[in-house]
Amino acid sequence: MTIDYDRLRSRVFPDVVQTYGPRDVILYALGLGLGNNPMDAHQLQHVYEDGLRVLPTMAVVLGHPGFWQRDPGTGIAWQSVVHGEQSLVVHRPLPVSGSVTGRMVVEEIIDKGPGRGAHLHTRRDLFDNADGALLCVLRSNAICRADGGFGGPAVDMPAAPPLPRREPDRFLDFAIPQQAALIYRLSGDDNPLHADPAVARLAGFERPILHGLCSYGVAGHAVATMAAGGDASRVRRLDARFSAPVYPGDVLRTDVWMGESEGVRFRCRVSARNVTVLDRGLAQIVP
């Protein structure tokens, strides 16, 4: 089965209503690996109920329809899907507990051609059910590596600007725990690529990889630590491109460039493998 452009482009997603509380907030942060240093106050505030604060990137697991690409009706070869890009715009910080509604649409499907895959762009708006206010807007690009050549549009959305050429102003190293993917998937992303060695090998990886959105959350925490004094509620935008897989056990180094006209720029690297895993990052911080 191949992608039917009109059918997938007009796919209707039911609203997803989700109620969450402090235990979910803590579980999400533990899934990123926070708490591995019990003396780090910037980590502790996200994994301990006394003074608990929500990471803005937790929005990626709220009101989500799940791994819907696995539905045979999409025509997508789900085993070959990887996350390409993620954008988060925060309109109002997430409360520690509440009820939210996620509303998703397919914005575009780009056909890169036979053997080159397809880019699936989606948007999800997250609303606070208490008053109907828009909390945040999330945009994702999923790379469907085995689905090119279905006859869709070939012109993709504008690329993010490159990073500054100068050396980064700051960096922060963060060790990803070996069990991080197995914990992170308990927050709702149950793609077996991140748990089952056989599925990972089928997708071309030597072993299960870390969720792209898990490394994205780690980057968000690192950016907040270095550029917002550890106050994650000041992060109001976070964009990144996933350029290489991260494996549980990797040490993720987040580099940041301060004072750029667009905002704080960042990237994440795994120095031991000499590879950039998140590229062309952009964060906007409020005072």
# chains A, B, ... in the order shown; residues from 1 in each chain; ligands from 1
call {"tool": "residues_around", "arguments": {"residues": "Leu138 (chain A)", "least_positions_apart": "6", "cutoff": "10 Å", "atoms": "only C-alpha atoms", "output": "PyMOL selection string"}}
result
chain A and resi 57+59-60+86-90+102+104+122-126+237-239
call {"tool": "write_last_selection", "arguments": {"atoms": "N, CA and C atoms", "output": "CSV table (one decimal), in the first residue's frame"}}
result
chain,number,residue,atom,x,y,z
A,57,THR,N,8.4,21.3,27.3
A,57,THR,CA,8.4,20.3,26.3
A,57,THR,C,7.5,19.1,26.6
A,59,ALA,N,4.6,19.3,26.7
A,59,ALA,CA,3.4,19.4,25.7
A,59,ALA,C,3.5,18.4,24.6
A,60,VAL,N,4.6,17.9,24.2
A,60,VAL,CA,4.7,17.0,23.1
A,60,VAL,C,4.0,15.6,23.4
A,86,GLN,N,10.9,19.3,15.0
A,86,GLN,CA,9.9,19.6,16.0
A,86,GLN,C,10.0,21.0,16.3
A,87,SER,N,8.8,21.6,16.4
A,87,SER,CA,8.6,23.0,16.8
A,87,SER,C,7.6,23.1,17.9
A,88,LEU,N,7.9,24.0,18.9
A,88,LEU,CA,7.0,24.2,20.0
A,88,LEU,C,6.9,25.7,20.2
A,89,VAL,N,5.7,26.3,20.2
A,89,VAL,CA,5.4,27.7,20.6
A,89,VAL,C,4.5,27.7,21.8
A,90,VAL,N,5.0,28.2,22.9
A,90,VAL,CA,4.2,28.3,24.1
A,90,VAL,C,3.4,29.6,24.2
A,102,GLY,N,-6.0,18.0,22.7
A,102,GLY,CA,-5.2,18.1,21.6
A,102,GLY,C,-5.9,18.0,20.3
A,104,MET,N,-5.3,17.9,16.2
A,104,MET,CA,-4.2,17.7,15.2
A,104,MET,C,-4.8,17.7,13.8
A,122,THR,N,2.7,17.8,10.4
A,122,THR,CA,1.5,17.9,11.2
A,122,THR,C,1.6,19.1,12.1
A,123,ARG,N,0.4,19.5,12.5
A,123,ARG,CA,0.3,20.6,13.5
A,123,ARG,C,-0.7,20.1,14.6
A,124,ARG,N,-0.4,20.3,15.9
A,124,ARG,CA,-1.3,20.0,17.0
A,124,ARG,C,-1.4,21.2,17.9
A,125,ASP,N,-2.6,21.7,18.1
A,125,ASP,CA,-2.9,22.7,19.0
A,125,ASP,C,-3.4,22.1,20.4
A,126,LEU,N,-2.9,22.7,21.5
A,126,LEU,CA,-3.2,22.1,22.8
A,126,LEU,C,-3.9,23.2,23.6
A,237,ARG,N,9.6,29.2,22.9
A,237,ARG,CA,9.7,28.6,21.6
A,237,ARG,C,10.9,27.7,21.6
A,238,LEU,N,10.7,26.5,21.0
A,238,LEU,CA,11.9,25.6,20.9
A,238,LEU,C,11.7,24.8,19.6
A,239,ASP,N,12.6,25.1,18.6
A,239,ASP,CA,12.6,24.4,17.3
A,239,ASP,C,13.9,23.6,17.2
call {"tool": "closest_atom_pairs", "arguments": {"of": "region 177-218 of chain A", "to": "region 24-30 of chain A", "cutoff": "10 Å", "atoms": "only C-alpha atoms", "output": "JSON lines"}}
result
{"residue": "A:Pro177", "atom": "CA", "partner": "A:Leu30", "partner_atom": "CA", "distance": 9.8}
{"residue": "A:Ala180", "atom": "CA", "partner": "A:Leu30", "partner_atom": "CA", "distance": 7.9}
{"residue": "A:Ile183", "atom": "CA", "partner": "A:Leu30", "partner_atom": "CA", "distance": 7.2}
{"residue": "A:Tyr184", "atom": "CA", "partner": "A:Tyr28", "partner_atom": "CA", "distance": 6.4}
{"residue": "A:Arg185", "atom": "CA", "partner": "A:Tyr28", "partner_atom": "CA", "distance": 9.1}
{"residue": "A:Leu186", "atom": "CA", "partner": "A:Leu27", "partner_atom": "CA", "distance": 7.9}
{"residue": "A:Ser187", "atom": "CA", "partner": "A:Tyr28", "partner_atom": "CA", "distance": 6.0}
{"residue": "A:Gly188", "atom": "CA", "partner": "A:Tyr28", "partner_atom": "CA", "distance": 9.6}
{"residue": "A:Cys214", "atom": "CA", "partner": "A:Tyr28", "partner_atom": "CA", "distance": 9.1}
{"residue": "A:Gly217", "atom": "CA", "partner": "A:Ala29", "partner_atom": "CA", "distance": 8.4}
{"residue": "A:Val218", "atom": "CA", "partner": "A:Ala29", "partner_atom": "CA", "distance": 9.0}
call {"tool": "residues_around", "arguments": {"residues": "Arg273 (chain A)", "least_positions_apart": "4", "cutoff": "10 Å", "atoms": "only C-alpha atoms", "output": "MDAnalysis selection string"}}
result
chainID A and resid 250:251 269
call {"tool": "select_by_dssp", "arguments": {"residues": "region 21-265 of chain A", "states": "alpha helix (DSSP H)", "output": "ChimeraX atom specification"}}
result
/A:22-32,41-44,180-184,197-202,212-227
call {"tool": "write_last_selection", "arguments": {"atoms": "N, CA and C atoms", "output": "short mmCIF file (atom, residue, chain, number, x, y, z; two decimals), in the first residue's frame"}}
result
data_model
loop_
_atom_site.label_atom_id
_atom_site.label_comp_id
_atom_site.auth_asym_id
_atom_site.auth_seq_id
_atom_site.Cartn_x
_atom_site.Cartn_y
_atom_site.Cartn_z
N PRO A 22 0.67 15.70 38.89
CA PRO A 22 2.09 15.72 39.26
C PRO A 22 2.83 14.43 38.94
N ARG A 23 2.20 13.26 39.10
CA ARG A 23 2.89 12.00 38.81
C ARG A 23 3.27 11.94 37.33
N ASP A 24 2.41 12.43 36.45
CA ASP A 24 2.71 12.43 35.02
C ASP A 24 3.84 13.40 34.70
N VAL A 25 3.83 14.55 35.37
CA VAL A 25 4.88 15.55 35.18
C VAL A 25 6.23 14.96 35.58
N ILE A 26 6.26 14.26 36.71
CA ILE A 26 7.50 13.66 37.20
C ILE A 26 7.93 12.52 36.29
N LEU A 27 6.98 11.68 35.85
CA LEU A 27 7.32 10.55 34.97
C LEU A 27 7.93 11.06 33.67
N TYR A 28 7.38 12.13 33.11
CA TYR A 28 7.95 12.69 31.88
C TYR A 28 9.39 13.12 32.10
N ALA A 29 9.65 13.85 33.18
CA ALA A 29 11.01 14.33 33.44
C ALA A 29 11.97 13.17 33.70
N LEU A 30 11.50 12.14 34.42
CA LEU A 30 12.35 10.97 34.65
C LEU A 30 12.66 10.26 33.34
N GLY A 31 11.72 10.27 32.40
CA GLY A 31 11.95 9.67 31.09
C GLY A 31 13.04 10.37 30.30
N LEU A 32 13.26 11.65 30.57
CA LEU A 32 14.36 12.37 29.93
C LEU A 32 15.69 12.03 30.59
N ALA A 41 19.74 21.14 41.57
CA ALA A 41 18.45 21.77 41.85
C ALA A 41 17.64 22.00 40.58
N HIS A 42 18.32 22.23 39.45
CA HIS A 42 17.61 22.45 38.19
C HIS A 42 16.89 21.19 37.72
N GLN A 43 17.43 20.02 38.07
CA GLN A 43 16.76 18.77 37.75
C GLN A 43 15.69 18.44 38.80
N LEU A 44 16.02 18.64 40.05
CA LEU A 44 15.13 18.23 41.14
C LEU A 44 13.77 18.91 41.06
N ALA A 180 16.41 5.05 29.55
CA ALA A 180 15.62 6.25 29.30
C ALA A 180 14.48 6.01 28.32
N ALA A 181 14.73 5.33 27.21
CA ALA A 181 13.67 5.11 26.21
C ALA A 181 12.53 4.28 26.78
N LEU A 182 12.85 3.31 27.62
CA LEU A 182 11.82 2.45 28.21
C LEU A 182 10.96 3.22 29.20
N ILE A 183 11.54 4.22 29.87
CA ILE A 183 10.75 5.06 30.77
C ILE A 183 9.98 6.11 29.98
N TYR A 184 10.65 6.72 29.00
CA TYR A 184 10.00 7.79 28.24
C TYR A 184 8.73 7.29 27.54
N PRO A 197 14.55 -4.73 19.97
CA PRO A 197 15.74 -4.83 19.12
C PRO A 197 15.44 -5.33 17.71
N ALA A 198 14.47 -6.23 17.57
CA ALA A 198 14.15 -6.76 16.25
C ALA A 198 13.56 -5.67 15.36
N VAL A 199 12.68 -4.85 15.90
CA VAL A 199 12.09 -3.74 15.13
C VAL A 199 13.18 -2.73 14.78
N ALA A 200 14.08 -2.45 15.72
CA ALA A 200 15.17 -1.51 15.45
C ALA A 200 16.05 -2.01 14.31
N ARG A 201 16.39 -3.30 14.31
CA ARG A 201 17.22 -3.85 13.23
C ARG A 201 16.49 -3.78 11.90
N LEU A 202 15.19 -4.03 11.91
CA LEU A 202 14.40 -3.95 10.68
C LEU A 202 14.43 -2.54 10.10
N GLY A 212 13.25 10.70 19.42
CA GLY A 212 13.73 12.03 19.08
C GLY A 212 13.20 13.07 20.04
N LEU A 213 11.93 12.91 20.46
CA LEU A 213 11.34 13.89 21.37
C LEU A 213 11.90 13.79 22.78
N CYS A 214 12.52 12.68 23.11
CA CYS A 214 13.21 12.58 24.40
C CYS A 214 14.48 13.43 24.36
N SER A 215 15.28 13.28 23.30
CA SER A 215 16.48 14.12 23.16
C SER A 215 16.10 15.60 23.04
N TYR A 216 14.97 15.87 22.40
CA TYR A 216 14.45 17.24 22.29
C TYR A 216 14.15 17.81 23.68
N GLY A 217 13.54 16.99 24.54
CA GLY A 217 13.26 17.43 25.91
C GLY A 217 14.53 17.68 26.70
N VAL A 218 15.55 16.83 26.50
CA VAL A 218 16.84 17.04 27.15
C VAL A 218 17.45 18.37 26.70
N ALA A 219 17.36 18.63 25.39
CA ALA A 219 17.88 19.90 24.86
C ALA A 219 17.14 21.08 25.46
N GLY A 220 15.81 20.96 25.59
CA GLY A 220 15.03 22.05 26.18
C GLY A 220 15.45 22.33 27.61
N HIS A 221 15.68 21.27 28.37
CA HIS A 221 16.14 21.45 29.76
C HIS A 221 17.52 22.11 29.79
N ALA A 222 18.42 21.68 28.88
CA ALA A 222 19.77 22.24 28.85
C ALA A 222 19.73 23.72 28.47
N VAL A 223 18.90 24.06 27.49
CA VAL A 223 18.78 25.46 27.07
C VAL A 223 18.24 26.31 28.22
N ALA A 224 17.22 25.80 28.92
CA ALA A 224 16.66 26.54 30.05
C ALA A 224 17.71 26.74 31.14
N THR A 225 18.52 25.72 31.37
CA THR A 225 19.56 25.81 32.40
C THR A 225 20.60 26.86 32.04
N MET A 226 21.02 26.89 30.78
CA MET A 226 22.10 27.79 30.38
C MET A 226 21.63 29.18 30.01
N ALA A 227 20.41 29.31 29.48
CA ALA A 227 19.98 30.59 28.93
C ALA A 227 18.84 31.24 29.69
#
call {"tool": "closest_residue", "arguments": {"among": "A:Pro208, A:Gly21, A:Pro65, A:Pro162", "to": "Glu49 (chain A)", "atoms": "only C-alpha atoms"}}
result
A:Gly21
call {"tool": "closest_residue", "arguments": {"among": "A:Gln284, A:Thr2, A:Thr101, A:Ser233", "to": "Gly151 (chain A)", "atoms": "only C-alpha atoms"}}
result
A:Thr2
call {"tool": "select_by_dssp", "arguments": {"residues": "region 231-278 of chain A", "states": "strand (DSSP E or B)", "output": "ChimeraX atom specification"}}
result
/A:235-242,251-260,263-270,275-278
call {"tool": "write_last_selection", "arguments": {"atoms": "N, CA and C atoms", "output": "PDB file, in the first residue's frame"}}
result
ATOM      1  N   VAL A 235      11.033  29.649  28.627  1.00  0.00           N
ATOM      2  CA  VAL A 235      11.217  29.153  27.260  1.00  0.00           C
ATOM      3  C   VAL A 235       9.862  29.177  26.563  1.00  0.00           C
ATOM      4  N   ARG A 236       9.725  30.000  25.531  1.00  0.00           N
ATOM      5  CA  ARG A 236       8.440  30.150  24.864  1.00  0.00           C
ATOM      6  C   ARG A 236       8.458  29.627  23.424  1.00  0.00           C
ATOM      7  N   ARG A 237       9.613  29.229  22.945  1.00  0.00           N
ATOM      8  CA  ARG A 237       9.700  28.587  21.632  1.00  0.00           C
ATOM      9  C   ARG A 237      10.918  27.674  21.637  1.00  0.00           C
ATOM     10  N   LEU A 238      10.749  26.506  20.975  1.00  0.00           N
ATOM     11  CA  LEU A 238      11.863  25.574  20.880  1.00  0.00           C
ATOM     12  C   LEU A 238      11.713  24.797  19.575  1.00  0.00           C
ATOM     13  N   ASP A 239      12.623  25.057  18.641  1.00  0.00           N
ATOM     14  CA  ASP A 239      12.633  24.376  17.345  1.00  0.00           C
ATOM     15  C   ASP A 239      13.929  23.598  17.204  1.00  0.00           C
ATOM     16  N   ALA A 240      13.860  22.434  16.571  1.00  0.00           N
ATOM     17  CA  ALA A 240      15.082  21.658  16.336  1.00  0.00           C
ATOM     18  C   ALA A 240      14.862  20.698  15.175  1.00  0.00           C
ATOM     19  N   ARG A 241      15.971  20.362  14.530  1.00  0.00           N
ATOM     20  CA  ARG A 241      15.986  19.367  13.458  1.00  0.00           C
ATOM     21  C   ARG A 241      16.745  18.145  13.966  1.00  0.00           C
ATOM     22  N   PHE A 242      16.153  16.976  13.782  1.00  0.00           N
ATOM     23  CA  PHE A 242      16.805  15.733  14.192  1.00  0.00           C
ATOM     24  C   PHE A 242      17.689  15.245  13.050  1.00  0.00           C
ATOM     25  N   VAL A 251      26.203  10.443  25.788  1.00  0.00           N
ATOM     26  CA  VAL A 251      26.324  11.712  26.499  1.00  0.00           C
ATOM     27  C   VAL A 251      26.005  12.821  25.504  1.00  0.00           C
ATOM     28  N   LEU A 252      24.943  13.557  25.797  1.00  0.00           N
ATOM     29  CA  LEU A 252      24.457  14.591  24.887  1.00  0.00           C
ATOM     30  C   LEU A 252      25.044  15.936  25.309  1.00  0.00           C
ATOM     31  N   ARG A 253      25.795  16.571  24.419  1.00  0.00           N
ATOM     32  CA  ARG A 253      26.340  17.902  24.681  1.00  0.00           C
ATOM     33  C   ARG A 253      25.505  18.938  23.947  1.00  0.00           C
ATOM     34  N   THR A 254      24.897  19.847  24.690  1.00  0.00           N
ATOM     35  CA  THR A 254      24.112  20.929  24.103  1.00  0.00           C
ATOM     36  C   THR A 254      24.962  22.188  24.064  1.00  0.00           C
ATOM     37  N   ASP A 255      25.195  22.720  22.868  1.00  0.00           N
ATOM     38  CA  ASP A 255      25.906  23.979  22.663  1.00  0.00           C
ATOM     39  C   ASP A 255      24.890  25.089  22.466  1.00  0.00           C
ATOM     40  N   VAL A 256      25.109  26.266  23.045  1.00  0.00           N
ATOM     41  CA  VAL A 256      24.209  27.393  22.837  1.00  0.00           C
ATOM     42  C   VAL A 256      24.987  28.629  22.409  1.00  0.00           C
ATOM     43  N   TRP A 257      24.320  29.421  21.580  1.00  0.00           N
ATOM     44  CA  TRP A 257      24.820  30.714  21.144  1.00  0.00           C
ATOM     45  C   TRP A 257      23.838  31.772  21.642  1.00  0.00           C
ATOM     46  N   MET A 258      24.308  32.697  22.445  1.00  0.00           N
ATOM     47  CA  MET A 258      23.462  33.734  23.019  1.00  0.00           C
ATOM     48  C   MET A 258      23.498  34.989  22.145  1.00  0.00           C
ATOM     49  N   GLY A 259      22.474  35.820  22.303  1.00  0.00           N
ATOM     50  CA  GLY A 259      22.488  37.141  21.695  1.00  0.00           C
ATOM     51  C   GLY A 259      22.287  37.177  20.200  1.00  0.00           C
ATOM     52  N   GLU A 260      21.810  36.105  19.583  1.00  0.00           N
ATOM     53  CA  GLU A 260      21.533  36.122  18.153  1.00  0.00           C
ATOM     54  C   GLU A 260      20.199  36.827  17.895  1.00  0.00           C
ATOM     55  N   GLY A 263      17.067  34.716  18.403  1.00  0.00           N
ATOM     56  CA  GLY A 263      16.895  34.151  19.725  1.00  0.00           C
ATOM     57  C   GLY A 263      18.132  33.358  20.097  1.00  0.00           C
ATOM     58  N   VAL A 264      17.994  32.432  21.026  1.00  0.00           N
ATOM     59  CA  VAL A 264      19.089  31.557  21.417  1.00  0.00           C
ATOM     60  C   VAL A 264      19.182  30.420  20.400  1.00  0.00           C
ATOM     61  N   ARG A 265      20.368  30.211  19.837  1.00  0.00           N
ATOM     62  CA  ARG A 265      20.568  29.107  18.901  1.00  0.00           C
ATOM     63  C   ARG A 265      21.257  27.954  19.636  1.00  0.00           C
ATOM     64  N   PHE A 266      20.948  26.733  19.211  1.00  0.00           N
ATOM     65  CA  PHE A 266      21.547  25.593  19.902  1.00  0.00           C
ATOM     66  C   PHE A 266      21.657  24.385  18.977  1.00  0.00           C
ATOM     67  N   ARG A 267      22.474  23.437  19.414  1.00  0.00           N
ATOM     68  CA  ARG A 267      22.584  22.136  18.760  1.00  0.00           C
ATOM     69  C   ARG A 267      22.962  21.128  19.837  1.00  0.00           C
ATOM     70  N   CYS A 268      22.788  19.849  19.524  1.00  0.00           N
ATOM     71  CA  CYS A 268      23.214  18.776  20.426  1.00  0.00           C
ATOM     72  C   CYS A 268      24.122  17.831  19.664  1.00  0.00           C
ATOM     73  N   ARG A 269      25.210  17.429  20.321  1.00  0.00           N
ATOM     74  CA  ARG A 269      26.179  16.517  19.719  1.00  0.00           C
ATOM     75  C   ARG A 269      26.467  15.357  20.663  1.00  0.00           C
ATOM     76  N   VAL A 270      26.855  14.246  20.073  1.00  0.00           N
ATOM     77  CA  VAL A 270      27.416  13.129  20.841  1.00  0.00           C
ATOM     78  C   VAL A 270      28.890  13.097  20.485  1.00  0.00           C
ATOM     79  N   VAL A 275      29.164  13.164  16.186  1.00  0.00           N
ATOM     80  CA  VAL A 275      27.975  13.344  15.355  1.00  0.00           C
ATOM     81  C   VAL A 275      27.066  14.390  15.989  1.00  0.00           C
ATOM     82  N   THR A 276      26.490  15.245  15.135  1.00  0.00           N
ATOM     83  CA  THR A 276      25.467  16.184  15.569  1.00  0.00           C
ATOM     84  C   THR A 276      24.118  15.492  15.467  1.00  0.00           C
ATOM     85  N   VAL A 277      23.358  15.488  16.558  1.00  0.00           N
ATOM     86  CA  VAL A 277      22.097  14.741  16.581  1.00  0.00           C
ATOM     87  C   VAL A 277      20.872  15.658  16.543  1.00  0.00           C
ATOM     88  N   LEU A 278      20.983  16.861  17.064  1.00  0.00           N
ATOM     89  CA  LEU A 278      19.958  17.899  16.907  1.00  0.00           C
ATOM     90  C   LEU A 278      20.652  19.124  16.348  1.00  0.00           C
TER      91      LEU A 278
END
call {"tool": "residues_around", "arguments": {"residues": "Pro161 (chain A)", "least_positions_apart": "2", "cutoff": "9 Å", "atoms": "only C-alpha atoms", "output": "count of residues only"}}
result
3
call {"tool": "closest_residue", "arguments": {"among": "A:His194, A:Arg103, A:Gly204, A:Glu85", "to": "Asp279 (chain A)", "atoms": "only C-alpha atoms"}}
result
A:Glu85
call {"tool": "atom_distance", "arguments": {"atom1": "CA of Asp231 (chain A)", "atom2": "CA of Gly33 (chain A)"}}
result
17.9 Å
call {"tool": "residues_around", "arguments": {"residues": "Phe150 (chain A)", "least_positions_apart": "2", "cutoff": "12 Å", "atoms": "only C-alpha atoms", "output": "mmCIF file with C-alpha atoms, in the first residue's frame"}}
result
data_model
loop_
_atom_site.group_PDB
_atom_site.id
_atom_site.type_symbol
_atom_site.label_atom_id
_atom_site.label_comp_id
_atom_site.auth_asym_id
_atom_site.auth_seq_id
_atom_site.Cartn_x
_atom_site.Cartn_y
_atom_site.Cartn_z
ATOM 1 C CA MET A 1 0.000 0.000 0.000
ATOM 2 C CA THR A 2 1.236 3.506 -0.812
ATOM 3 C CA ILE A 3 0.290 6.944 0.437
ATOM 4 C CA ASP A 4 -2.935 8.353 -0.989
ATOM 5 C CA TYR A 5 -2.157 12.073 -0.844
ATOM 6 C CA ASP A 6 -5.724 13.408 -0.761
ATOM 7 C CA LEU A 8 -3.943 11.404 4.141
ATOM 8 C CA GLY A 75 -0.349 3.839 3.469
ATOM 9 C CA ILE A 76 2.773 4.663 5.492
ATOM 10 C CA ILE A 109 2.944 15.753 2.730
ATOM 11 C CA ILE A 110 6.041 16.363 0.628
ATOM 12 C CA ASP A 111 7.102 13.741 -1.912
ATOM 13 C CA LYS A 112 10.900 13.668 -2.121
ATOM 14 C CA GLY A 113 10.771 11.071 -4.895
ATOM 15 C CA PRO A 114 11.288 7.303 -5.269
ATOM 16 C CA GLY A 115 13.966 6.081 -2.889
ATOM 17 C CA ARG A 116 14.096 9.450 -1.111
ATOM 18 C CA GLY A 117 11.064 9.189 1.126
ATOM 19 C CA ALA A 118 8.374 11.680 2.116
ATOM 20 C CA HIS A 119 8.029 14.440 4.706
ATOM 21 C CA CYS A 144 8.700 8.486 6.006
ATOM 22 C CA ALA A 146 10.176 4.275 2.469
ATOM 23 C CA ASP A 147 7.230 6.247 1.076
ATOM 24 C CA GLY A 148 8.557 8.541 -1.662
ATOM 25 C CA GLY A 152 2.556 14.488 -4.010
ATOM 26 C CA PRO A 153 4.007 18.021 -4.049
ATOM 27 C CA ALA A 154 7.804 18.160 -4.142
#
call {"tool": "closest_residue", "arguments": {"among": "A:Ser10, A:Asn191, A:Asn36, A:Ser140", "to": "Gly66 (chain A)", "atoms": "only C-alpha atoms"}}
result
A:Asn191
